[in-house]
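So the structure is just underneath, and the comments pick up after that.
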Amino acid sequence: MTIRIERPLSPHLQIYRWTLTMALSIVHRATGVALYFGTLLLVWWLIAVSSGPGAYAAVQSFTASWIGRLIAFGYTWALMHHMLSGVRHLVWDLGYGFKPAEREWLTRAALIGGILLTVLLWIVAYAIGGGR
Amino acid sequence: MQPLSGPKSMRTPLGRVRNLGASHTGTKDFWRQRVTAVAMILLIVPMVVVMMILLGRNQAGAAQILGSPPIAIIMLLFVVASIWHMKIGMQVIIEDYVHDEKTKLASIMANNFFSVTLALAAAYAIFKLSSGV
Ligand code: HEM
Ligand code: HEM
């Protein structure tokens, strides 16, 4: 059991002025959690493909529904955003990009890049007939 | 190795926890989360290509494509990297928010069970598709 030591605490979140880097830090965590549960869909789909036409039809009727499409679109965005935001983390881990202008630029690039990549991928997906 | 704790230990409380962090496993998980993140960056383009090839196919078509060696290996690599990465990530989140020791241990255990089950289920499906049964 750990012993509680009385020591000064840092001020809580709402004390600070809200910034883009703070918001995206939370979005990185939220997209990580979304992808965690989204993996269920990937595994369900893999199992269905390996099981046969009936199981596969069940997955497809779900992904073709509006809620299924919304989840697939959300998943794509979560992945693209989390990846770019993750690259930003890796850059920081290596010790670069901490100057205000640099970190602001990296954060904006992750935000805008994630949206652009998602839209682009869905345009390509529909163009090649994935949407049906 | 000298005992980490208990009456025989010569170590100070600080020395005992130094470099171990909240997970008590040191920097191993931190490093593995980075390794798997880089792995997924490398795998994302092949994964997107595979997705695009698969979209709109029926079960027979998807099964045949997923069963071909390069595609099965890409899928397997992505599944292993992503599930390993998400398991570590979720453990970090649990350690941040769950402070009750019993609930924390139960959550971490549930996270392990969930992740291992998904990983083995995915691997099972990919191997099944590759052996054509
Ligand atoms: C990265 C770019 C990706 C794009 C643009 C994309 C796009 C789509 C679209 C449009 C669908 C609907 C397909 C349909 O109903 O015909 C879909 C389904 C699906 N996606 Fe993706 N996806 C991407 C990546 C991924 C990744 C990385 C995973 C897994 C980790 C994944 C897992 C799934 C699953 C399980 C389905 C349902 C299966 C199906 O109906 O074909 N996707 N995706
Ligand atoms: C595609 C490439 C990906 C990259 C480059 C990436 C990168 C990262 C990095 C660097 C972190 C650590 C962030 C930190 O130290 O605060 C992280 C956290 C995390 N990632 Fe990823 N990731 C990727 C994909 C995924 C996927 C596919 C999942 C889920 C299936 C996932 C789930 C998580 C979770 C749950 C966390 C913990 C979030 C937190 O502690 O706030 N990631 N990711």
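Here's how to read the names in the structure tokens: chain A, B, ... by the order shown, residue numbers from 1 in each chain, ligand numbers from 1 in the order shown.
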
May I ask you to extract the residues of chain A within 8 Å of chain B, using only C-alpha atoms, and to give them as a ChimeraX atom specification? /A:32-33,36,39-40,43,46-47,49-50,52-53,56-57,83,86,90,125,128-132

Using only C-alpha atoms and all ligand atoms, pick whichever of A:Ile71, A:Leu41, A:Ala58, A:Leu117 has the shortest atom-to-atom distance to ligand 1.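 Closest to ligand 1 of all the choices is A:Leu41.
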
Can you write out as JSON lines which residues of chain A fall within 8 Å of ligand 2, alongside each residue's closest atom pair and its distance in Å to one decimal, counting only C-alpha atoms and all ligand atoms and ordering rows by chain and ascending residue number?
{"residue": "A:Ser25", "atom": "CA", "partner": "ligand 2", "partner_atom_place_in_ligand_line": "16 (O)", "distance": 7.4}
{"residue": "A:Ile26", "atom": "CA", "partner": "ligand 2", "partner_atom_place_in_ligand_line": "41 (O)", "distance": 7.0}
{"residue": "A:His28", "atom": "CA", "partner": "ligand 2", "partner_atom_place_in_ligand_line": "41 (O)", "distance": 6.0}
{"residue": "A:Arg29", "atom": "CA", "partner": "ligand 2", "partner_atom_place_in_ligand_line": "41 (O)", "distance": 3.6}
{"residue": "A:Ala30", "atom": "CA", "partner": "ligand 2", "partner_atom_place_in_ligand_line": "41 (O)", "distance": 7.2}
{"residue": "A:Thr31", "atom": "CA", "partner": "ligand 2", "partner_atom_place_in_ligand_line": "32 (C)", "distance": 7.2}
{"residue": "A:Gly32", "atom": "CA", "partner": "ligand 2", "partner_atom_place_in_ligand_line": "32 (C)", "distance": 3.7}
{"residue": "A:Val33", "atom": "CA", "partner": "ligand 2", "partner_atom_place_in_ligand_line": "35 (C)", "distance": 4.7}
{"residue": "A:Ala34", "atom": "CA", "partner": "ligand 2", "partner_atom_place_in_ligand_line": "29 (C)", "distance": 7.3}
{"residue": "A:Leu35", "atom": "CA", "partner": "ligand 2", "partner_atom_place_in_ligand_line": "29 (C)", "distance": 4.1}
{"residue": "A:Tyr36", "atom": "CA", "partner": "ligand 2", "partner_atom_place_in_ligand_line": "30 (C)", "distance": 4.2}
{"residue": "A:Phe37", "atom": "CA", "partner": "ligand 2", "partner_atom_place_in_ligand_line": "30 (C)", "distance": 7.3}
{"residue": "A:Gly38", "atom": "CA", "partner": "ligand 2", "partner_atom_place_in_ligand_line": "30 (C)", "distance": 6.9}
{"residue": "A:Thr39", "atom": "CA", "partner": "ligand 2", "partner_atom_place_in_ligand_line": "30 (C)", "distance": 5.7}
{"residue": "A:Leu79", "atom": "CA", "partner": "ligand 2", "partner_atom_place_in_ligand_line": "1 (C)", "distance": 5.9}
{"residue": "A:Met80", "atom": "CA", "partner": "ligand 2", "partner_atom_place_in_ligand_line": "1 (C)", "distance": 6.9}
{"residue": "A:His82", "atom": "CA", "partner": "ligand 2", "partner_atom_place_in_ligand_line": "22 (N)", "distance": 5.8}
{"residue": "A:Met83", "atom": "CA", "partner": "ligand 2", "partner_atom_place_in_ligand_line": "2 (C)", "distance": 4.0}
{"residue": "A:Leu84", "atom": "CA", "partner": "ligand 2", "partner_atom_place_in_ligand_line": "5 (C)", "distance": 6.5}
{"residue": "A:Ser85", "atom": "CA", "partner": "ligand 2", "partner_atom_place_in_ligand_line": "7 (C)", "distance": 7.2}
{"residue": "A:Gly86", "atom": "CA", "partner": "ligand 2", "partner_atom_place_in_ligand_line": "7 (C)", "distance": 3.7}
{"residue": "A:Val87", "atom": "CA", "partner": "ligand 2", "partner_atom_place_in_ligand_line": "5 (C)", "distance": 5.2}
{"residue": "A:Arg88", "atom": "CA", "partner": "ligand 2", "partner_atom_place_in_ligand_line": "10 (C)", "distance": 7.6}
{"residue": "A:His89", "atom": "CA", "partner": "ligand 2", "partner_atom_place_in_ligand_line": "10 (C)", "distance": 4.9}
{"residue": "A:Leu90", "atom": "CA", "partner": "ligand 2", "partner_atom_place_in_ligand_line": "10 (C)", "distance": 5.5}

Next, write the just-selected residues to a file, as an mmCIF file, in the first residue's frame, keeping C-alpha atoms as the atom set.
data_model
loop_
_atom_site.group_PDB
_atom_site.id
_atom_site.type_symbol
_atom_site.label_atom_id
_atom_site.label_comp_id
_atom_site.auth_asym_id
_atom_site.auth_seq_id
_atom_site.Cartn_x
_atom_site.Cartn_y
_atom_site.Cartn_z
ATOM 1 C CA SER A 25 -3.294 16.666 -26.262
ATOM 2 C CA ILE A 26 -6.720 15.581 -25.061
ATOM 3 C CA HIS A 28 -4.804 12.516 -28.985
ATOM 4 C CA ARG A 29 -5.905 10.574 -25.925
ATOM 5 C CA ALA A 30 -9.564 10.499 -27.019
ATOM 6 C CA THR A 31 -8.680 9.239 -30.508
ATOM 7 C CA GLY A 32 -6.423 6.608 -28.910
ATOM 8 C CA VAL A 33 -9.375 5.350 -26.867
ATOM 9 C CA ALA A 34 -11.686 5.448 -29.909
ATOM 10 C CA LEU A 35 -9.169 3.410 -31.918
ATOM 11 C CA TYR A 36 -8.872 0.969 -29.003
ATOM 12 C CA PHE A 37 -12.555 0.109 -29.269
ATOM 13 C CA GLY A 38 -12.530 0.494 -33.058
ATOM 14 C CA THR A 39 -10.148 -2.464 -33.165
ATOM 15 C CA LEU A 79 -6.484 7.040 -37.180
ATOM 16 C CA MET A 80 -5.196 9.806 -39.461
ATOM 17 C CA HIS A 82 -3.803 10.223 -34.069
ATOM 18 C CA MET A 83 -1.023 9.198 -36.454
ATOM 19 C CA LEU A 84 -0.046 12.775 -37.363
ATOM 20 C CA SER A 85 -0.440 13.898 -33.781
ATOM 21 C CA GLY A 86 1.679 10.886 -32.797
ATOM 22 C CA VAL A 87 4.407 11.925 -35.251
ATOM 23 C CA ARG A 88 4.384 15.262 -33.419
ATOM 24 C CA HIS A 89 4.953 13.389 -30.153
ATOM 25 C CA LEU A 90 7.824 11.464 -31.699
#

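Among the candidates A:Phe62, A:Phe98, A:Trp45, A:Trp77, the residue lying nearest to ligand 1 is A:Trp45 (atoms considered: only C-alpha atoms and all ligand atoms).
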
Shell of 12 Å around Ile94 (chain B), only C-alpha atoms, local chain residues under 6 positions omitted, as a list of chain:residue names: A:Arg29, A:Val33, B:Ala22, B:Ser23, B:Lys87, B:Ile88, B:Asp100, B:Glu101, B:Thr103, B:Lys104, B:Leu105, B:Ala106, B:Ser107, B:Ile108, B:Met109, B:Ala110, B:Asn111, B:Asn112

Going by DSSP on the backbone, which bits of chain A are alpha helix (DSSP H)? Write them as a PyMOL selection string, please. chain A and resi 20-51+53-64+66-93+100-127

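Distance annotation: of A:Leu116, A:Leu94, A:Ile5, A:Gln14, the residue with the minimal separation from ligand 1 is A:Leu116; atom set is only C-alpha atoms and all ligand atoms.
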
Considering only C-alpha atoms and all ligand atoms, can you say which of A:Ile115, A:Leu121, A:Ala127, A:Ile15 comes closest to ligand 1? A:Leu121
